[in-house]
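Engineer: Provided herewith: entry-v7.cif, mmCIF, C-alpha atoms.
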data_upload
loop_
_atom_site.label_atom_id
_atom_site.label_comp_id
_atom_site.auth_asym_id
_atom_site.auth_seq_id
_atom_site.Cartn_x
_atom_site.Cartn_y
_atom_site.Cartn_z
CA MET A 9 -20.77 19.91 23.48
CA ASP A 10 -19.62 16.38 24.36
CA LEU A 11 -16.32 14.82 23.37
CA THR A 12 -16.86 12.61 20.27
CA LEU A 13 -14.90 10.00 18.36
CA HIS A 14 -14.81 12.44 15.46
CA HIS A 15 -12.95 14.91 17.70
CA LEU A 16 -10.42 12.24 18.64
CA ARG A 17 -9.87 11.22 15.04
CA LEU A 18 -9.19 14.83 14.03
CA LEU A 19 -6.82 15.42 16.93
CA ARG A 20 -4.91 12.23 16.19
CA GLU A 21 -4.45 13.25 12.56
CA VAL A 22 -3.28 16.75 13.47
CA ALA A 23 -0.77 15.21 15.86
CA ALA A 24 0.47 12.89 13.10
CA GLN A 25 0.70 15.57 10.39
CA GLY A 26 2.01 18.45 12.49
CA THR A 27 -0.24 21.09 10.94
CA ILE A 28 -3.97 21.66 10.75
CA THR A 29 -3.70 22.27 6.99
CA ALA A 30 -1.98 18.94 6.35
CA ALA A 31 -4.45 17.06 8.53
CA ALA A 32 -7.39 18.71 6.77
CA GLU A 33 -5.98 17.76 3.37
CA THR A 34 -5.47 14.13 4.42
CA LEU A 35 -8.99 13.83 5.84
CA GLY A 36 -10.73 15.73 3.04
CA TYR A 37 -11.87 18.73 5.12
CA THR A 38 -11.14 22.45 4.96
CA SER A 39 -8.65 23.88 7.43
CA SER A 40 -11.34 26.10 8.92
CA ALA A 41 -13.64 23.11 9.52
CA VAL A 42 -10.87 21.25 11.34
CA SER A 43 -10.04 24.34 13.40
CA GLN A 44 -13.68 24.72 14.40
CA GLN A 45 -13.90 21.08 15.47
CA LEU A 46 -10.71 21.35 17.49
CA ALA A 47 -12.07 24.46 19.19
CA SER A 48 -15.22 22.54 20.14
CA LEU A 49 -13.00 19.73 21.44
CA GLU A 50 -11.16 22.15 23.69
CA ARG A 51 -14.47 23.54 24.96
CA ALA A 52 -15.62 20.00 25.75
CA CYS A 53 -12.37 19.26 27.61
CA GLY A 54 -12.08 22.63 29.30
CA VAL A 55 -8.33 22.80 28.61
CA PRO A 56 -6.14 23.50 25.54
CA VAL A 57 -5.11 20.41 23.60
CA LEU A 58 -2.86 22.13 21.03
CA GLU A 59 -0.35 24.95 21.07
CA ARG A 60 1.19 26.75 18.12
CA VAL A 61 4.91 26.51 17.38
CA GLY A 62 5.62 28.77 14.42
CA ARG A 63 3.50 27.50 11.54
CA ASN A 64 3.08 24.10 13.15
CA VAL A 65 1.15 22.89 16.18
CA ARG A 66 2.03 20.47 18.93
CA LEU A 67 0.06 18.68 21.57
CA THR A 68 -0.21 19.94 25.11
CA ASP A 69 0.03 17.44 27.94
CA ALA A 70 -3.77 17.13 27.82
CA GLY A 71 -3.67 16.62 24.06
CA ARG A 72 -1.05 13.89 24.35
CA GLU A 73 -3.19 12.08 26.90
CA LEU A 74 -6.21 12.28 24.60
CA VAL A 75 -4.26 10.93 21.60
CA ARG A 76 -2.80 8.13 23.72
CA ARG A 77 -6.29 7.00 24.63
CA ALA A 78 -7.80 7.79 21.22
CA ASN A 79 -6.22 4.81 19.46
CA GLY A 80 -7.85 2.33 21.83
CA LEU A 81 -11.23 4.10 21.79
CA LEU A 82 -11.33 4.33 18.00
CA ALA A 83 -10.32 0.66 17.67
CA ASP A 84 -13.05 -0.35 20.14
CA ALA A 85 -15.63 1.64 18.19
CA GLU A 86 -14.57 0.04 14.92
CA GLU A 87 -14.72 -3.45 16.45
CA ALA A 88 -18.25 -2.71 17.66
CA LEU A 89 -19.37 -1.69 14.18
CA VAL A 90 -17.74 -4.80 12.69
CA ALA A 91 -19.58 -6.97 15.22
CA VAL A 92 -22.90 -5.41 14.16
CA GLU A 93 -22.10 -6.02 10.47
CA ARG A 94 -21.18 -9.64 11.20
CA VAL A 95 -24.51 -10.24 12.94
CA GLY A 96 -26.28 -9.22 9.76
CA ASN A 97 -23.58 -10.83 7.59
CA ALA A 98 -24.04 -7.89 5.23
CA VAL A 99 -21.48 -7.45 2.46
CA GLN A 100 -22.29 -3.87 1.56
CA GLY A 101 -21.20 -0.28 1.86
CA VAL A 102 -18.07 1.50 0.65
CA VAL A 103 -14.49 0.30 1.12
CA GLU A 104 -11.68 2.81 0.49
CA ALA A 105 -8.51 1.08 -0.71
CA ALA A 106 -4.94 2.09 -1.53
CA ILE A 107 -3.42 0.47 -4.60
CA TYR A 108 -0.18 0.76 -6.56
CA GLU A 109 0.64 0.63 -10.26
CA SER A 110 1.20 -3.10 -10.84
CA VAL A 111 -1.95 -4.05 -8.90
CA ALA A 112 -3.99 -1.43 -10.76
CA ASN A 113 -2.84 -2.77 -14.14
CA SER A 114 -3.11 -6.49 -13.39
CA LEU A 115 -5.56 -7.34 -10.59
CA LEU A 116 -7.90 -4.39 -10.14
CA PRO A 117 -10.08 -4.67 -13.30
CA ALA A 118 -10.77 -8.37 -12.70
CA LEU A 119 -11.32 -7.81 -8.96
CA LEU A 120 -13.90 -5.08 -9.57
CA GLY A 121 -15.73 -7.30 -12.02
CA GLU A 122 -15.76 -10.20 -9.58
CA LEU A 123 -17.09 -7.98 -6.79
CA ARG A 124 -19.90 -6.65 -9.00
CA LEU A 125 -21.00 -10.21 -9.73
CA ARG A 126 -20.80 -11.47 -6.15
CA TYR A 127 -21.64 -8.42 -4.06
CA PRO A 128 -23.62 -5.77 -5.98
CA ASP A 129 -24.17 -3.73 -2.79
CA LEU A 130 -20.43 -3.39 -2.12
CA GLU A 131 -18.46 -0.52 -3.65
CA LEU A 132 -14.66 -0.62 -3.75
CA ARG A 133 -13.08 2.80 -4.25
CA THR A 134 -9.35 3.05 -4.92
CA ARG A 135 -6.54 5.62 -4.79
CA GLN A 136 -2.99 5.08 -5.99
CA ILE A 137 -0.67 5.54 -3.00
CA ASP A 138 2.91 4.37 -2.50
CA PRO A 139 2.73 1.22 -0.33
CA ASP A 140 4.86 2.78 2.43
CA ALA A 141 2.57 5.81 2.73
CA ALA A 142 -0.52 3.62 2.43
CA ILE A 143 0.26 1.84 5.70
CA ASP A 144 0.41 5.20 7.48
CA GLU A 145 -2.97 6.18 6.03
CA LEU A 146 -4.39 2.84 7.10
CA VAL A 147 -3.19 3.40 10.67
CA HIS A 148 -4.74 6.87 10.70
CA GLY A 149 -8.07 5.54 9.46
CA THR A 150 -8.26 7.48 6.19
CA ILE A 151 -8.53 4.23 4.19
CA ASP A 152 -9.98 0.80 5.01
CA LEU A 153 -7.65 -1.48 3.05
CA ALA A 154 -4.19 -1.25 1.50
CA PHE A 155 -2.41 -3.40 -1.03
CA ALA A 156 1.01 -3.87 0.55
CA ILE A 157 4.31 -5.46 -0.48
CA ASP A 158 6.85 -7.42 1.53
CA TYR A 159 10.36 -7.93 0.14
CA PRO A 160 12.29 -10.64 2.02
CA ILE A 161 15.64 -8.90 1.54
CA ALA A 162 14.24 -5.40 2.22
CA PRO A 163 11.33 -5.91 4.65
CA VAL A 164 9.10 -3.03 5.72
CA PRO A 165 8.11 -3.15 9.42
CA ALA A 166 4.36 -3.33 10.02
CA PRO A 167 2.72 -1.49 12.93
CA PRO A 168 1.34 -3.87 15.58
CA ASP A 169 -2.28 -2.84 14.97
CA ILE A 170 -2.09 -3.77 11.27
CA GLU A 171 -2.89 -7.26 10.01
CA ARG A 172 -1.55 -8.50 6.66
CA TRP A 173 -3.00 -11.23 4.46
CA THR A 174 -0.56 -12.64 1.89
CA ILE A 175 -2.27 -13.11 -1.46
CA ILE A 176 0.49 -13.82 -4.00
CA HIS A 177 4.13 -14.83 -4.09
CA ASP A 178 5.30 -12.64 -6.97
CA ARG A 179 8.48 -13.87 -8.70
CA PHE A 180 10.91 -11.50 -10.42
CA HIS A 181 12.40 -12.02 -13.88
CA LEU A 182 15.18 -10.30 -15.78
CA ILE A 183 13.83 -8.45 -18.82
CA VAL A 184 16.15 -7.67 -21.72
CA ALA A 185 15.62 -6.35 -25.22
CA GLU A 186 14.90 -8.93 -27.90
CA SER A 187 18.19 -7.97 -29.59
CA ASP A 188 20.23 -8.26 -26.37
CA PRO A 189 23.29 -10.55 -26.84
CA LEU A 190 22.62 -12.28 -23.52
CA ASP A 191 21.44 -15.76 -24.53
CA SER A 192 21.59 -17.83 -21.32
CA PRO A 193 18.14 -18.92 -20.06
CA THR A 194 19.24 -18.18 -16.47
CA VAL A 195 21.33 -15.26 -15.32
CA GLU A 196 23.38 -14.48 -12.21
CA LEU A 197 22.49 -11.05 -10.90
CA ALA A 198 26.19 -10.37 -10.31
CA ASP A 199 26.80 -10.68 -14.08
CA LEU A 200 24.78 -7.49 -14.62
CA VAL A 201 27.33 -5.24 -12.95
CA ASP A 202 27.95 -3.20 -16.12
CA ARG A 203 24.31 -3.00 -17.22
CA ARG A 204 22.01 0.02 -17.13
CA PHE A 205 18.96 -0.62 -14.94
CA ILE A 206 15.41 0.64 -15.27
CA CYS A 207 13.57 0.54 -11.95
CA SER A 208 11.41 2.45 -9.50
CA PRO A 209 12.98 5.43 -7.68
CA THR A 210 15.01 4.26 -4.70
CA GLU A 211 12.79 6.38 -2.42
CA MET A 212 10.06 3.81 -3.10
CA SER A 213 9.83 0.23 -1.84
CA CYS A 214 10.48 -1.51 -5.17
CA GLY A 215 13.43 0.74 -5.99
CA ARG A 216 14.91 0.09 -2.55
CA TRP A 217 14.50 -3.63 -3.17
CA VAL A 218 16.39 -3.50 -6.51
CA LEU A 219 19.16 -1.55 -4.81
CA ALA A 220 19.34 -4.07 -1.93
CA ALA A 221 19.33 -7.08 -4.31
CA CYS A 222 22.18 -5.69 -6.41
CA ARG A 223 24.22 -4.73 -3.35
CA GLU A 224 23.75 -8.23 -1.96
CA ALA A 225 25.09 -9.52 -5.31
CA GLY A 226 28.17 -7.35 -4.83
CA PHE A 227 27.66 -4.24 -6.95
CA GLU A 228 26.02 -0.82 -7.05
CA PRO A 229 23.49 -0.71 -9.92
CA LEU A 230 23.68 2.02 -12.55
CA ILE A 231 20.09 3.29 -12.62
CA ALA A 232 19.55 4.90 -16.00
CA HIS A 233 15.80 5.48 -15.65
CA ALA A 234 13.89 5.67 -12.37
CA LEU A 235 10.13 5.45 -12.84
CA ASP A 236 7.35 3.65 -11.00
CA ASP A 237 5.58 2.11 -13.99
CA TYR A 238 6.28 -1.42 -15.22
CA THR A 239 4.52 -0.83 -18.55
CA ALA A 240 6.78 2.12 -19.33
CA SER A 241 9.83 0.25 -18.02
CA LEU A 242 9.18 -2.68 -20.37
CA LYS A 243 8.88 -0.32 -23.33
CA LEU A 244 12.19 1.29 -22.42
CA VAL A 245 13.79 -2.16 -22.24
CA ALA A 246 12.40 -2.96 -25.68
CA ALA A 247 13.94 0.28 -26.93
CA GLY A 248 17.37 -0.85 -25.70
CA GLU A 249 17.60 1.60 -22.81
CA GLY A 250 18.57 -0.98 -20.21
CA VAL A 251 17.45 -4.09 -18.33
CA ALA A 252 14.77 -4.40 -15.67
CA LEU A 253 13.76 -6.74 -12.87
CA VAL A 254 10.01 -7.20 -13.27
CA PRO A 255 7.63 -9.45 -11.29
CA ASP A 256 4.84 -11.65 -12.61
CA LEU A 257 2.27 -8.90 -12.01
CA GLY A 258 4.19 -6.59 -14.34
CA LEU A 259 4.18 -9.19 -17.12
CA ILE A 260 0.45 -9.86 -17.49
CA GLU A 261 0.45 -8.12 -20.90
CA PRO A 262 4.12 -7.76 -21.99
CA PRO A 263 4.90 -5.58 -25.02
CA PRO A 264 6.75 -6.88 -28.10
CA GLY A 265 10.49 -6.50 -28.34
CA ILE A 266 11.55 -8.05 -25.02
CA ARG A 267 12.79 -11.37 -23.71
CA VAL A 268 12.09 -12.81 -20.25
CA LEU A 269 15.03 -14.54 -18.54
CA GLU A 270 15.14 -16.31 -15.19
CA LEU A 271 17.47 -15.44 -12.33
CA ALA A 272 19.73 -18.22 -11.13
CA GLU A 273 18.88 -17.29 -7.54
CA PRO A 274 15.10 -16.67 -7.50
CA LEU A 275 13.91 -13.36 -6.06
CA THR A 276 10.34 -12.90 -4.93
CA ARG A 277 8.05 -10.50 -3.12
CA SER A 278 4.75 -11.07 -1.34
CA ILE A 279 1.64 -9.17 -2.41
CA GLN A 280 -0.53 -8.56 0.63
CA LEU A 281 -3.74 -6.99 1.78
CA ALA A 282 -3.30 -4.89 4.90
CA VAL A 283 -6.16 -3.98 7.24
CA ARG A 284 -6.51 -2.67 10.78
CA ARG A 285 -6.85 -5.51 13.27
CA SER A 286 -9.98 -3.83 14.62
CA SER A 287 -11.69 -4.19 11.21
CA ALA A 288 -10.17 -7.48 10.00
CA GLN A 289 -13.41 -9.44 10.47
CA ARG A 290 -15.57 -6.93 8.64
CA PRO A 291 -17.65 -8.92 6.11
CA ALA A 292 -16.87 -6.51 3.28
CA LEU A 293 -13.11 -6.93 3.78
CA THR A 294 -13.18 -10.72 3.97
CA ALA A 295 -15.39 -10.72 0.85
CA ILE A 296 -12.76 -8.69 -1.04
CA ARG A 297 -10.09 -11.13 0.08
CA ASP A 298 -12.12 -14.12 -1.14
CA ALA A 299 -12.82 -12.44 -4.49
CA LEU A 300 -9.14 -11.60 -4.90
CA ASP A 301 -8.16 -15.24 -4.25
CA HIS A 302 -10.47 -16.21 -7.14
CA VAL A 303 -8.90 -13.58 -9.44
CA VAL A 304 -5.38 -14.77 -8.59
CA GLY A 305 -6.35 -18.33 -9.53
CA ALA A 306 -7.95 -17.22 -12.80
CA LEU A 307 -4.76 -15.35 -13.79
CA SER A 308 -2.61 -18.41 -12.99
CA LEU A 309 -0.45 -16.44 -10.56
CA GLU A 310 1.31 -18.14 -7.66
CA PRO A 311 -1.13 -17.96 -4.74
CA ALA A 312 0.09 -17.79 -1.18
CA ILE A 313 0.20 -21.17 0.55
CA ALA A 314 -1.00 -19.66 3.79
CA ALA A 315 -2.44 -16.31 4.72
#
Any chance you could give the structure as structure tokens?

Structural biologist:
Amino acid sequence: MDLTLHHLRLLREVAAQGTITAAAETLGYTSSAVSQQLASLERACGVPVLERVGRNVRLTDAGRELVRRANGLLADAEEALVAVERVGNAVQGVVEAAIYESVANSLLPALLGELRLRYPDLELRTRQIDPDAAIDELVHGTIDLAFAIDYPIAPVPAPPDIERWTIIHDRFHLIVAESDPLDSPTVELADLVDRRFICSPTEMSCGRWVLAACREAGFEPLIAHALDDYTASLKLVAAGEGVALVPDLGLIEPPPGIRVLELAEPLTRSIQLAVRRSSAQRPALTAIRDALDHVVGALSLEPAIAA
């Protein structure tokens, strides 16, 4: 049996995950199927590519050499397929995308509707994945597109083989209960030192950003409720459980019982689409970007000045 790109993709994922079981789960295969493919890979190479270390596996010298070359070979193969699609200029097929809560609630329904109108032969499938983990899955080739976030005061490094397109500059606002005594139209973040905050867990990108913003303002925030859901956060604010920093995307359909105040020093994040550089010119991906630009305009959000 010859060495195939499928073999290389499996080996690369096993190397990244550390176990055959984890790699199989990520790729949607059974562990036995992955083991069989790796055995056929070793037969094709004539040397072992993995060795067991307890319950985990690690690459042999031969395996490391294969993985080192696999990234370039897989990227070349993807670029070849993109070139074929561009010749036919066909916007079709299936695109697997990673999304997160605020995008799912605000942009996704309108985006899917726009794509159905413009490109009936294109299917966008989505999975909710934390933006940090989504970049890893994009690198490993398990998804085609990821909605990503960049926070200026808490940036997340991007791998060199990932390209990002900025779609929206998303501005944050301070959300308080309607009955809150705070009556100034603009608020200094430092004045909230004694307030209870409602925000994403600090293990996640948005929670880390809130933590970084408050520390930059000179205090450690008291996080009363840590949950990754702006809709639920706004309801908790309305119930008097604390204050929250919420971006424009989280305020598309605000609940009753809250007030929206501006921060004296504006805080923003960039909403981005992330793709592998080897697939960036794929017609289906550029079509999704164009449709999303239209949706952003229709929702009167602040579009990016430049991609």

Engineer: For a cutoff of 10 Å around the file-coordinate point (16.8, 1.5, -5.2), which residues qualify once you count only C-alpha atoms? I'd like the result as a list in words.

Structural biologist: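 Collected hits near the coordinates: Cys207, Ser208, Pro209, Thr210, Glu211, Met212, Ser213, Cys214, Gly215, Arg216, Trp217, Val218, Leu219, Ala220, Ala221, Cys222, Arg223, Glu228, Pro229, Ile231 and Ala234 of chain A.
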
Engineer: Take the PyMOL selection byres ((chain A and resi 132) around 7), apply it to the structure above, and return the hits as number ranges by chain.

Structural biologist: A: 102-104, 130-131, 133-134

Engineer: Hey, what's within 10 Å of Gly248 (chain A) if we count all atoms listed in the file and toss same-chain stuff fewer than 6 positions away? As a list in words, please?

Structural biologist: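 Counting all atoms listed in the file, the residues come to Val184, Ala185, Glu186, Ser187, Asp188, Arg204, Leu242, Gly265 and Ile266 of chain A.
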
Engineer: Evaluate the PyMOL selection byres ((chain A and resi 20-32) around 8) and record the selected residues as a list in words, following the chain and residue labels used in the document.

Structural biologist: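 Applied to this file, the PyMOL selection byres ((chain A and resi 20-32) around 8) returns Leu16, Arg17, Leu18, Leu19, Glu33, Thr34, Leu35, Gly36, Tyr37, Thr38, Ser39, Val42, Ser43, Arg63, Asn64, Val65, Arg66, Leu67, Val75, Ala78 and His148 of chain A.
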
Engineer: Could you tell me which of A:Ile206, A:Ala240, A:Ala299, A:Val201 comes closest to Glu122 (chain A) if we count all atoms listed in the file?

Structural biologist: A:Ala299

Engineer: Report as a PyMOL selection string all protein, DNA and RNA residues lying within 7 Å of Arg284 (chain A), evaluated on only C-alpha atoms, omitting residues in the same chain fewer than 5 positions from it.

Structural biologist: chain A and resi 146-147+169-171

Engineer: For CA of Leu230 (chain A) and CA of Ala247 (chain A), quote the distance in Å rounded to one decimal.

Structural biologist: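 CA of Ala247 (chain A) lies 17.5 Å from CA of Leu230 (chain A).
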